[in-house]
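A.B. asks: Compact mmCIF, C-alpha atoms, saved as entry-v2.txt, coming up:
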```
# COMPACT_ATOMS: atom_id res chain seq x y z
CA MET A 634 133.51 249.77 168.21
CA GLN A 635 135.86 252.52 167.17
CA PRO A 636 137.19 254.78 169.93
CA ILE A 637 135.84 258.31 170.00
CA ARG A 638 138.63 260.81 170.16
CA GLU A 639 138.27 263.87 172.36
CA GLU A 640 138.52 266.23 169.41
CA HIS A 641 135.45 264.59 167.79
CA TRP A 642 133.31 265.21 170.86
CA ALA A 643 134.68 268.73 171.28
CA ALA A 644 133.98 269.51 167.62
CA PHE A 645 130.46 268.14 167.91
CA ARG A 646 129.81 270.18 171.05
CA SER A 647 131.00 273.37 169.41
CA ARG A 648 128.93 272.92 166.24
CA GLN A 649 126.38 270.22 165.61
CA THR A 650 126.70 269.31 161.94
CA GLU A 651 126.63 266.06 160.01
CA GLU A 652 130.39 266.19 159.59
CA THR A 653 131.07 266.49 163.32
CA PHE A 654 128.39 263.93 164.21
CA ALA A 655 129.54 261.24 161.77
CA PRO A 656 132.58 259.96 163.75
CA ILE A 657 130.50 259.73 166.94
CA TYR A 658 127.68 257.92 165.14
CA ASP A 659 130.09 255.56 163.37
CA ALA A 660 131.70 254.63 166.68
CA THR A 661 128.48 254.06 168.64
CA HIS A 662 125.61 253.08 166.35
CA GLY A 663 126.22 249.33 166.58
CA LEU A 664 126.33 249.40 170.38
CA VAL A 665 123.28 251.64 170.68
CA TYR A 666 121.17 249.54 168.29
CA THR A 667 122.19 246.28 169.98
CA ILE A 668 121.21 247.60 173.41
CA CYS A 669 117.86 248.88 172.14
CA ARG A 670 117.12 245.67 170.25
CA ARG A 671 117.94 243.44 173.23
CA ILE A 672 115.75 245.46 175.58
CA LEU A 673 112.80 245.90 173.20
CA GLY A 674 113.03 242.80 171.02
CA GLU A 675 111.52 244.26 167.84
CA HIS A 676 113.33 246.15 165.10
CA GLU A 677 110.76 248.96 164.79
CA ARG A 678 110.68 249.64 168.52
CA ALA A 679 114.47 249.41 168.72
CA MET A 680 114.75 252.01 165.96
CA ASP A 681 112.45 254.36 167.89
CA ALA A 682 114.67 254.09 170.97
CA PHE A 683 117.79 254.31 168.77
CA GLN A 684 116.64 257.65 167.34
CA ALA A 685 115.61 258.94 170.75
CA THR A 686 119.07 258.05 172.08
CA TYR A 687 120.80 260.22 169.50
CA GLY A 688 118.32 263.02 170.10
CA ARG A 689 119.19 262.87 173.79
CA LEU A 690 122.92 262.79 172.96
CA LEU A 691 122.43 265.96 170.93
CA LEU A 692 120.78 267.62 173.94
CA HIS A 693 123.77 266.67 176.08
CA ALA A 694 126.13 268.18 173.53
CA ARG A 695 124.17 271.46 173.47
CA ARG A 696 124.26 272.01 177.24
CA PRO A 697 127.30 274.17 177.94
CA GLU A 698 126.90 273.86 181.70
CA GLU A 699 127.16 270.09 181.63
CA ARG A 700 130.68 268.75 181.83
CA LEU A 701 131.07 265.30 180.38
CA PRO A 702 134.19 263.23 180.54
CA GLU A 703 135.51 263.58 177.00
CA GLY A 704 136.61 259.96 176.69
CA ASN A 705 133.33 258.46 177.84
CA VAL A 706 131.03 259.38 174.97
CA ALA A 707 130.45 255.70 174.11
CA GLN A 708 129.53 255.03 177.73
CA LEU A 709 127.17 257.99 177.69
CA ALA A 710 125.55 256.71 174.47
CA ALA A 711 125.14 253.25 176.04
CA ARG A 712 123.56 254.70 179.22
CA LEU A 713 121.21 256.83 177.14
CA ALA A 714 120.26 253.80 175.01
CA VAL A 715 119.40 251.76 178.10
CA ARG A 716 117.35 254.64 179.49
CA GLU A 717 115.48 255.38 176.25
CA ALA A 718 114.74 251.73 175.51
CA GLY A 719 113.58 251.15 179.08
CA ASN A 720 111.33 254.20 178.99
CA LEU A 721 109.83 253.10 175.69
CA LYS A 722 109.23 249.61 177.04
CA LYS A 723 107.40 251.06 180.05
CA ARG A 724 105.28 253.36 177.87
CA LEU A 725 104.35 250.47 175.59
CA ALA A 726 103.38 248.32 178.58
CA ARG A 727 101.16 251.08 179.99
CA ARG A 728 99.57 251.73 176.62
CA GLY A 729 99.14 248.01 175.95
CA GLY A 730 96.90 247.70 178.99
CA ARG A 731 94.53 250.28 177.54
CA GLU A 732 94.44 249.03 173.96
CA LEU A 733 91.85 246.59 172.68
CA ALA A 734 92.81 244.24 169.90
CA MET A 735 90.49 244.26 166.92
CA ASP A 736 90.58 241.33 164.57
CA GLU A 737 89.20 243.03 161.52
CA LEU A 738 87.29 246.15 160.68
CA PRO A 739 83.78 245.44 159.40
CA ILE A 740 83.22 246.09 155.72
CA VAL A 741 80.57 248.71 155.19
CA PRO A 742 78.99 248.65 151.73
CA ASP A 743 78.73 251.86 149.78
CA PRO A 744 75.02 252.76 149.72
CA GLY A 745 75.40 254.52 146.35
CA LEU A 746 76.43 251.35 144.50
CA PRO A 747 73.83 249.13 142.84
CA PRO A 748 73.34 245.69 144.47
CA ARG A 749 75.01 243.90 141.55
CA GLU A 750 78.21 246.03 141.96
CA GLN A 751 78.20 245.46 145.75
CA ALA A 752 77.95 241.69 145.19
CA ALA A 753 80.80 241.78 142.67
CA ARG A 754 83.04 243.71 145.09
CA ARG A 755 82.17 241.34 147.95
CA GLN A 756 83.04 238.34 145.77
CA LEU A 757 86.33 239.93 144.68
CA ARG A 758 87.26 240.72 148.29
CA GLU A 759 86.54 237.13 149.34
CA GLN A 760 88.77 235.83 146.55
CA LEU A 761 91.60 238.15 147.59
CA GLU A 762 91.36 237.19 151.26
CA THR A 763 91.52 233.43 150.64
```
Would you mind giving the structure from this file in structure tokens?
C.D. replies:
Amino acid sequence: MQPIREEHWAAFRSRQTEETFAPIYDATHGLVYTICRRILGEHERAMDAFQATYGRLLLHARRPEERLPEGNVAQLAARLAVREAGNLKKRLARRGGRELAMDELPIVPDPGLPPREQAARRQLREQLET
């Protein structure tokens, strides 16, 4: 992990552009992704928490009243990653208790098709599924 210099964080706080964000992202993206992936386990979920972490970091940079230690941006990013991944894990657990797994949606034939065409489509579908 590359160190984040104070001038990078100060530049990012003064104007949030891709150019000022790039050094911060380059220095922290590996750490943030690793934390999210270890907490959540799956790449897609880790990427959701990863993006939320940088959104939260942007909010921290935009708050003028909040004083952050300039040298601890990587620590802040790590804390935010743990928080975002943990929150996502909790939301998924709550939602998982309410979801019902469905094996397969039933195939509803089109009533406008002649029986011969319906049979041909059914046969084609069976061949594709096996």
A.B. asks: Could you jot down the atom CA of Leu761 of chain A to atom CA of Leu746 of chain A separation for me, Å, one decimal place?
C.D. replies: 20.3 Å
A.B. asks: Can you tell me, as number ranges by chain, what residues are no more than 7 Å from Leu673 of chain A when counting all atoms listed in the file, ignoring any on the same chain fewer than 6 positions away?
C.D. replies: A: 679, 718, 722
A.B. asks: Restricting the output to C-alpha atoms, write the selected residues as an mmCIF file, in the frame of the given file.
C.D. replies:
```cif
data_model
loop_
_atom_site.group_PDB
_atom_site.id
_atom_site.type_symbol
_atom_site.label_atom_id
_atom_site.label_comp_id
_atom_site.auth_asym_id
_atom_site.auth_seq_id
_atom_site.Cartn_x
_atom_site.Cartn_y
_atom_site.Cartn_z
ATOM 1 C CA ALA A 679 114.470 249.410 168.720
ATOM 2 C CA ALA A 718 114.740 251.730 175.510
ATOM 3 C CA LYS A 722 109.230 249.610 177.040
#
```
A.B. asks: Nearest to His662 of chain A among A:Ala643, A:Ala707, A:Arg648, A:Glu677, with distances taken over all atoms listed in the file: which residue is it?
C.D. replies: A:Ala707
A.B. asks: Kindly give the distance, in Å, that separates atom CA of Ile668 of chain A and atom CA of Ser647 of chain A, rounded to a single decimal.
C.D. replies: 27.9 Å
A.B. asks: What is the atom CA of Ala694 of chain A-atom CA of Thr653 of chain A distance in Å, reported with one decimal?
C.D. replies: 11.5 Å
A.B. asks: Looking at A:Ala655, A:Val665, A:Leu691, A:Ile672, which one is nearest to Asn720 of chain A, with distances taken over all atoms listed in the file?
C.D. replies: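 The closest residue to Asn720 of chain A is A:Ile672.
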A.B. asks: Taking 4 positions as the minimum chain separation for residues in the same chain, which residues sit within 8 Å of Leu709 of chain A when counting all atoms listed in the file? Answer as a VMD selection string.
C.D. replies: chain A and resid 690 705 713
A.B. asks: Quick one: of A:Gln751, A:Gly688, A:Phe683, A:Arg671, who's nearest to Phe654 of chain A, counting all atoms listed in the file?
C.D. replies: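 Selected residue with least distance to Phe654 of chain A: A:Gly688.
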A.B. asks: May I ask which of the residues A:Gly719, A:Gly663, A:Pro744, A:Gly729 is the closest one to Asp681 of chain A, counting only C-alpha atoms?
C.D. replies: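 Once distances to Asp681 of chain A are computed over only C-alpha atoms, the minimum belongs to A:Gly719.
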A.B. asks: From the options A:Glu639, A:Gln649, A:Ala714, A:Ala682, which residue's atoms come nearest to Thr661 of chain A, counting only C-alpha atoms?
C.D. replies: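 When distances to Thr661 of chain A are compared using only C-alpha atoms, the smallest one comes from A:Ala714.
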